[in-house]
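Q: Once you've had a glance at the structure underneath, I'll fire off some questions.
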Amino acid sequence: MIRSYAAMGDSFTEGVGDPGPGGTFVGWADRLAVLLDDRAPEDTFRYANLAVRGKLLDQVVEDQLPRALELAPDLVSFVAGGNDIIRPGTDPDDVAERFEKAVARLSGAAGTVLVATGFDTRDVAVLKHLRGKIATYNMHVRAIADRYDCVMLDLWSLRSIQDRRAWDGDRLHLAAEGHTRVALRAAQALGIEVPADPEQSWPLLPPRGTFAIRRDDMHWAREFLVPWIGRRLRGESSGDRVQAKGVLDPHEIKLQLQSAS
């Protein structure tokens, strides 16, 4: 029985792309917390989302790991390093070494540590050239999970999120349905029965013509790629003025999700 959960990470775990009320985000970790809360005795489950968008691995460890250790939850999810990997010149071996040091600290404080692979970026225009680098990092994460008996959330093999409808318009963050499918896969990794299949097929779409694809690419480059490059050149992060969501009530999350649907 999992009675407490703390989520560490960056924009993926904060839930960017899965809008909630008041300009906040929901995301896969919050959705997983709802599934876990449904299995726990009423009003006994505790949840905290410590993730902040744009954070690099060392920032996640410095800012969030002490709080996770303090909470000493039954479950902690630690998904970080992706922002490091996509930066030019970073070494996945070095990132993995620092990731393992954090896992070693977490494994002594939390009942279960959940880690995740990166996504398969084969069909992501701006990131497909990093596919080999991400795969290398994934192999390290798998080995670390084996050494420390972590639960492995395999996002690389989750085929349903390779559909473009699983992604937000910025093509870097999952949309609500993508986050939902990741939450279901995470629950499966924890051995929990889930209410739907994360690999459920998407409805068929009519084929898009070359003009429509080019138009979408131009819109994406103007609205998302250029600002993203600008922040990198200025040394800014999307999370510079963002605070973690902190302690949340899974009952409130569930009500928000029900009202949204």
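Labeling convention for the structure tokens: chains A, B, ... as they appear, residues from 1 per chain, ligands from 1 in order of appearance.
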Name the residues in contact with region 195-198 of chain A at a cut-off of 12 Å, using only C-alpha atoms, excluding same-chain residues fewer than 6 positions from it; report them as a PyMOL selection string.
A: chain A and resi 28+32+35+38+155+157-161+166+177-189
Q: Please identify the alpha helix (DSSP H) residues within region 9-211 of chain A (assignment by DSSP from backbone atoms) and present them as number ranges by chain.
A: A: 11-14, 27-39, 57-71, 82-85, 92-107, 131-147, 176-189, 210-211
Q: For Leu50 (chain A), which of A:Ser11, A:Gln200, A:Gln64, A:Thr210 is the closest residue, counting only C-alpha atoms?
A: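 Nearest to Leu50 (chain A): A:Gln64.
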Q: Nearest to Gly132 (chain A): which of A:Gly235, A:Pro206, A:Pro227, A:Gly118 is it, counting only C-alpha atoms?
A: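 Comparing A:Gly235, A:Pro206, A:Pro227, A:Gly118 against Gly132 (chain A), the winner is A:Gly118.
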Q: Expressed in Å to a single decimal, how great is the separation between CA of Tyr5 (chain A) and CA of Asn83 (chain A)?
A: 23.4 Å
Q: If you run DSSP on the backbone, which residues of region 1-195 of chain A are strand (DSSP E or B), as a list in words?
A: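 Output for region 1-195 of chain A, strand (DSSP E or B) only: Ser4, Tyr5, Ala6, Ala7, Met8, Gly9, Pro19, Phe25, Arg46, Tyr47, Ala48, Asn49, Leu75, Val76, Ser77, Phe78, Val79, Thr112, Val113, Leu114, Val115, Ala116, Val151, Met152, Leu153, Trp167 and Leu174 of chain A.
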Q: Restricting it to N, CA, C and O atoms, dump the selection as an mmCIF file, in the first residue's frame.
A:
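Final output, result.cif:
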```cif
data_model
loop_
_atom_site.group_PDB
_atom_site.id
_atom_site.type_symbol
_atom_site.label_atom_id
_atom_site.label_comp_id
_atom_site.auth_asym_id
_atom_site.auth_seq_id
_atom_site.Cartn_x
_atom_site.Cartn_y
_atom_site.Cartn_z
ATOM 1 N N SER A 4 1.992 7.558 0.515
ATOM 2 C CA SER A 4 2.581 8.882 0.310
ATOM 3 C C SER A 4 3.450 8.857 -0.938
ATOM 4 O O SER A 4 4.091 7.848 -1.246
ATOM 5 N N TYR A 5 3.474 9.978 -1.646
ATOM 6 C CA TYR A 5 4.172 10.060 -2.933
ATOM 7 C C TYR A 5 4.731 11.469 -3.104
ATOM 8 O O TYR A 5 4.034 12.458 -2.874
ATOM 9 N N ALA A 6 5.993 11.565 -3.497
ATOM 10 C CA ALA A 6 6.624 12.837 -3.834
ATOM 11 C C ALA A 6 7.189 12.738 -5.244
ATOM 12 O O ALA A 6 7.857 11.757 -5.581
ATOM 13 N N ALA A 7 6.913 13.731 -6.075
ATOM 14 C CA ALA A 7 7.350 13.740 -7.472
ATOM 15 C C ALA A 7 8.421 14.799 -7.668
ATOM 16 O O ALA A 7 8.214 15.974 -7.364
ATOM 17 N N MET A 8 9.583 14.383 -8.177
ATOM 18 C CA MET A 8 10.698 15.285 -8.454
ATOM 19 C C MET A 8 10.938 15.361 -9.954
ATOM 20 O O MET A 8 10.777 14.371 -10.663
ATOM 21 N N GLY A 9 11.361 16.541 -10.435
ATOM 22 C CA GLY A 9 11.696 16.618 -11.849
ATOM 23 C C GLY A 9 11.575 18.005 -12.428
ATOM 24 O O GLY A 9 11.673 19.015 -11.729
ATOM 25 N N PRO A 19 -3.053 21.560 -19.126
ATOM 26 C CA PRO A 19 -3.503 22.730 -18.361
ATOM 27 C C PRO A 19 -4.520 22.408 -17.283
ATOM 28 O O PRO A 19 -5.411 21.582 -17.459
ATOM 29 N N PHE A 25 -0.713 23.536 -14.080
ATOM 30 C CA PHE A 25 -0.732 22.342 -14.913
ATOM 31 C C PHE A 25 -1.060 21.130 -14.042
ATOM 32 O O PHE A 25 -0.871 21.146 -12.832
ATOM 33 N N ARG A 46 -0.897 11.084 1.137
ATOM 34 C CA ARG A 46 -0.211 12.381 1.078
ATOM 35 C C ARG A 46 0.569 12.490 -0.232
ATOM 36 O O ARG A 46 1.205 11.530 -0.664
ATOM 37 N N TYR A 47 0.532 13.684 -0.831
ATOM 38 C CA TYR A 47 1.181 13.870 -2.136
ATOM 39 C C TYR A 47 1.796 15.261 -2.226
ATOM 40 O O TYR A 47 1.194 16.251 -1.812
ATOM 41 N N ALA A 48 3.006 15.312 -2.807
ATOM 42 C CA ALA A 48 3.672 16.584 -3.063
ATOM 43 C C ALA A 48 4.337 16.533 -4.431
ATOM 44 O O ALA A 48 5.031 15.568 -4.759
ATOM 45 N N ASN A 49 4.103 17.562 -5.238
ATOM 46 C CA ASN A 49 4.770 17.692 -6.534
ATOM 47 C C ASN A 49 5.816 18.794 -6.413
ATOM 48 O O ASN A 49 5.483 19.976 -6.287
ATOM 49 N N LEU A 75 6.712 6.387 -1.928
ATOM 50 C CA LEU A 75 7.104 6.401 -3.344
ATOM 51 C C LEU A 75 7.635 7.770 -3.701
ATOM 52 O O LEU A 75 7.039 8.796 -3.345
ATOM 53 N N VAL A 76 8.759 7.811 -4.417
ATOM 54 C CA VAL A 76 9.254 9.048 -5.004
ATOM 55 C C VAL A 76 9.557 8.780 -6.472
ATOM 56 O O VAL A 76 10.162 7.753 -6.810
ATOM 57 N N SER A 77 9.094 9.656 -7.349
ATOM 58 C CA SER A 77 9.472 9.564 -8.764
ATOM 59 C C SER A 77 10.552 10.606 -9.030
ATOM 60 O O SER A 77 10.423 11.766 -8.651
ATOM 61 N N PHE A 78 11.610 10.152 -9.663
ATOM 62 C CA PHE A 78 12.765 11.009 -9.942
ATOM 63 C C PHE A 78 13.053 10.921 -11.437
ATOM 64 O O PHE A 78 13.666 9.977 -11.914
ATOM 65 N N VAL A 79 12.532 11.902 -12.173
ATOM 66 C CA VAL A 79 12.687 11.932 -13.634
ATOM 67 C C VAL A 79 13.392 13.236 -13.975
ATOM 68 O O VAL A 79 12.784 14.310 -13.947
ATOM 69 N N THR A 112 10.045 3.254 -2.270
ATOM 70 C CA THR A 112 10.228 2.871 -3.671
ATOM 71 C C THR A 112 10.634 4.097 -4.467
ATOM 72 O O THR A 112 10.073 5.180 -4.278
ATOM 73 N N VAL A 113 11.608 3.930 -5.359
ATOM 74 C CA VAL A 113 12.026 5.002 -6.256
ATOM 75 C C VAL A 113 11.633 4.613 -7.676
ATOM 76 O O VAL A 113 11.968 3.523 -8.144
ATOM 77 N N LEU A 114 10.908 5.494 -8.339
ATOM 78 C CA LEU A 114 10.520 5.290 -9.734
ATOM 79 C C LEU A 114 11.350 6.211 -10.609
ATOM 80 O O LEU A 114 11.410 7.417 -10.372
ATOM 81 N N VAL A 115 12.003 5.646 -11.621
ATOM 82 C CA VAL A 115 12.763 6.428 -12.593
ATOM 83 C C VAL A 115 12.205 6.139 -13.980
ATOM 84 O O VAL A 115 11.449 5.179 -14.165
ATOM 85 N N ALA A 116 12.570 6.952 -14.960
ATOM 86 C CA ALA A 116 11.991 6.808 -16.291
ATOM 87 C C ALA A 116 13.041 7.009 -17.376
ATOM 88 O O ALA A 116 13.995 7.776 -17.204
ATOM 89 N N VAL A 151 11.737 1.107 -9.636
ATOM 90 C CA VAL A 151 10.691 0.821 -10.611
ATOM 91 C C VAL A 151 11.015 1.578 -11.894
ATOM 92 O O VAL A 151 11.350 2.763 -11.853
ATOM 93 N N MET A 152 10.928 0.879 -13.031
ATOM 94 C CA MET A 152 11.323 1.456 -14.312
ATOM 95 C C MET A 152 10.089 1.850 -15.118
ATOM 96 O O MET A 152 9.269 1.000 -15.467
ATOM 97 N N LEU A 153 9.946 3.143 -15.405
ATOM 98 C CA LEU A 153 8.891 3.646 -16.277
ATOM 99 C C LEU A 153 9.483 3.808 -17.672
ATOM 100 O O LEU A 153 10.236 4.744 -17.927
ATOM 101 N N TRP A 167 0.954 15.149 -28.051
ATOM 102 C CA TRP A 167 1.870 16.241 -27.727
ATOM 103 C C TRP A 167 1.206 17.602 -27.822
ATOM 104 O O TRP A 167 0.309 17.826 -28.629
ATOM 105 N N LEU A 174 4.087 16.925 -23.471
ATOM 106 C CA LEU A 174 2.890 16.141 -23.725
ATOM 107 C C LEU A 174 1.633 16.972 -23.495
ATOM 108 O O LEU A 174 1.602 17.854 -22.630
#
```
Q: Calculated over only C-alpha atoms, which of the candidates A:Asp43, A:Ala102, A:Asp94, A:Leu255 has the smallest distance to Glu62 (chain A)?
A: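 Under the stated criterion, the closest residue is A:Ala102.
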Q: If we count only C-alpha atoms, what is near Leu57 (chain A) at a cut-off of 10 Å, once residues fewer than 3 positions away on the same chain are taken out, given as a list in words?
A: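 Contacts, with the query itself left out: Gly9, Asp10, Gly54, Val60, Val61, Glu62, Val79, Ala80, Gly81, Gly82, Asn83, Asp84, Ile85, Val95, Ala96, Arg98, Phe99 and Ala102 of chain A.
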Q: Store the residues picked out above in a file with all heavy atoms, as a compact mmCIF listing (two decimals), in the first residue's frame.
A:
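File out07.txt, as written:
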```
# COMPACT_ATOMS: atom_id res chain seq x y z
N GLY A 9 11.36 16.54 -10.44
CA GLY A 9 11.70 16.62 -11.85
C GLY A 9 11.57 18.00 -12.43
O GLY A 9 11.67 19.01 -11.73
N ASP A 10 11.34 18.04 -13.74
CA ASP A 10 11.27 19.29 -14.49
C ASP A 10 9.87 19.48 -15.07
O ASP A 10 8.88 19.07 -14.46
CB ASP A 10 12.36 19.32 -15.57
CG ASP A 10 12.36 18.04 -16.42
OD1 ASP A 10 11.27 17.46 -16.62
OD2 ASP A 10 13.44 17.62 -16.89
N GLY A 54 12.00 23.52 -16.70
CA GLY A 54 13.27 24.10 -17.12
C GLY A 54 14.48 23.73 -16.29
O GLY A 54 15.60 24.13 -16.61
N VAL A 60 17.56 20.17 -9.92
CA VAL A 60 16.54 19.31 -9.33
C VAL A 60 17.08 18.68 -8.04
O VAL A 60 16.39 18.66 -7.02
CB VAL A 60 16.12 18.21 -10.33
CG1 VAL A 60 15.22 17.17 -9.65
CG2 VAL A 60 15.41 18.82 -11.53
N VAL A 61 18.32 18.19 -8.10
CA VAL A 61 18.91 17.55 -6.92
C VAL A 61 19.09 18.56 -5.78
O VAL A 61 18.74 18.27 -4.63
CB VAL A 61 20.26 16.91 -7.29
CG1 VAL A 61 20.99 16.41 -6.04
CG2 VAL A 61 20.05 15.76 -8.28
N GLU A 62 19.58 19.74 -6.10
CA GLU A 62 19.84 20.74 -5.05
C GLU A 62 18.55 21.26 -4.42
O GLU A 62 18.47 21.42 -3.20
CB GLU A 62 20.64 21.91 -5.64
CG GLU A 62 20.95 23.00 -4.62
CD GLU A 62 21.75 24.14 -5.21
OE1 GLU A 62 22.12 24.06 -6.41
OE2 GLU A 62 22.01 25.13 -4.48
N VAL A 79 12.53 11.90 -12.17
CA VAL A 79 12.69 11.93 -13.63
C VAL A 79 13.39 13.24 -13.98
O VAL A 79 12.78 14.31 -13.95
CB VAL A 79 11.33 11.83 -14.35
CG1 VAL A 79 11.54 11.73 -15.86
CG2 VAL A 79 10.54 10.63 -13.84
N ALA A 80 14.66 13.17 -14.28
CA ALA A 80 15.46 14.38 -14.51
C ALA A 80 16.64 14.03 -15.42
O ALA A 80 16.98 12.87 -15.60
CB ALA A 80 15.96 14.95 -13.19
N GLY A 81 17.24 15.07 -15.97
CA GLY A 81 18.38 14.88 -16.87
C GLY A 81 18.05 15.16 -18.32
O GLY A 81 18.95 15.35 -19.14
N GLY A 82 16.76 15.20 -18.66
CA GLY A 82 16.38 15.44 -20.05
C GLY A 82 16.82 16.79 -20.56
O GLY A 82 17.29 16.91 -21.70
N ASN A 83 16.69 17.83 -19.73
CA ASN A 83 17.12 19.16 -20.16
C ASN A 83 18.64 19.23 -20.33
O ASN A 83 19.14 20.01 -21.15
CB ASN A 83 16.66 20.21 -19.14
CG ASN A 83 15.17 20.45 -19.20
OD1 ASN A 83 14.56 20.38 -20.26
ND2 ASN A 83 14.56 20.73 -18.05
N ASP A 84 19.36 18.43 -19.56
CA ASP A 84 20.82 18.36 -19.73
C ASP A 84 21.16 17.69 -21.07
O ASP A 84 22.02 18.16 -21.81
CB ASP A 84 21.45 17.55 -18.60
CG ASP A 84 21.21 18.15 -17.23
OD1 ASP A 84 20.07 18.06 -16.74
OD2 ASP A 84 22.15 18.72 -16.65
N ILE A 85 20.47 16.58 -21.35
CA ILE A 85 20.79 15.79 -22.54
C ILE A 85 20.57 16.57 -23.83
O ILE A 85 21.34 16.41 -24.79
CB ILE A 85 19.96 14.49 -22.54
CG1 ILE A 85 20.35 13.59 -21.36
CG2 ILE A 85 20.12 13.73 -23.85
CD1 ILE A 85 21.79 13.15 -21.36
N VAL A 95 26.10 12.84 -17.13
CA VAL A 95 24.77 13.12 -16.57
C VAL A 95 24.28 11.90 -15.79
O VAL A 95 23.75 12.03 -14.68
CB VAL A 95 23.78 13.48 -17.69
CG1 VAL A 95 22.38 13.71 -17.10
CG2 VAL A 95 24.22 14.73 -18.44
N ALA A 96 24.49 10.71 -16.35
CA ALA A 96 24.05 9.49 -15.67
C ALA A 96 24.79 9.26 -14.36
O ALA A 96 24.20 8.77 -13.38
CB ALA A 96 24.25 8.29 -16.60
N ARG A 98 25.90 11.53 -12.31
CA ARG A 98 25.32 12.43 -11.31
C ARG A 98 23.90 11.98 -10.93
O ARG A 98 23.48 12.12 -9.78
CB ARG A 98 25.32 13.87 -11.83
CG ARG A 98 26.73 14.46 -11.90
CD ARG A 98 26.73 15.89 -12.38
NE ARG A 98 26.65 16.00 -13.83
CZ ARG A 98 25.70 16.65 -14.49
NH1 ARG A 98 24.73 17.25 -13.81
NH2 ARG A 98 25.69 16.71 -15.80
N PHE A 99 23.18 11.45 -11.90
CA PHE A 99 21.84 10.92 -11.64
C PHE A 99 21.91 9.77 -10.64
O PHE A 99 21.10 9.69 -9.71
CB PHE A 99 21.22 10.46 -12.97
CG PHE A 99 19.83 9.92 -12.86
CD1 PHE A 99 18.73 10.79 -12.91
CD2 PHE A 99 19.59 8.57 -12.72
CE1 PHE A 99 17.44 10.30 -12.82
CE2 PHE A 99 18.30 8.07 -12.64
CZ PHE A 99 17.22 8.93 -12.68
N ALA A 102 22.23 10.73 -6.97
CA ALA A 102 20.97 11.16 -6.38
C ALA A 102 20.07 9.96 -6.07
O ALA A 102 19.42 9.91 -5.02
CB ALA A 102 20.26 12.13 -7.31
```
Q: So the first atom is CA of Val141 (chain A) and the second is CA of Gly169 (chain A); what is the distance between them in Å, to one decimal place?
A: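 Atom-to-atom, CA of Val141 (chain A) and CA of Gly169 (chain A) are spaced 28.3 Å apart.
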Q: Which of these, A:Glu100, A:Glu193, A:Asp37, A:Asp18, has the shortest distance to Ala260 (chain A) once you count only C-alpha atoms?
A: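 Closest to Ala260 (chain A), using only C-alpha atoms: A:Asp18.
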Q: Would you compute the distance between CA of Asp170 (chain A) and CA of Val194 (chain A)? Give it in Å to one decimal.
A: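 That distance, rounded to one decimal, is 28.8 Å.
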Q: Under the rule that only C-alpha atoms are counted, which of A:Ile144, A:Ala110, A:Ala135, A:Met1 is the nearest residue to Arg122 (chain A)?
A: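 Residue with the minimum atom-to-atom distance to Arg122 (chain A): A:Ala135.
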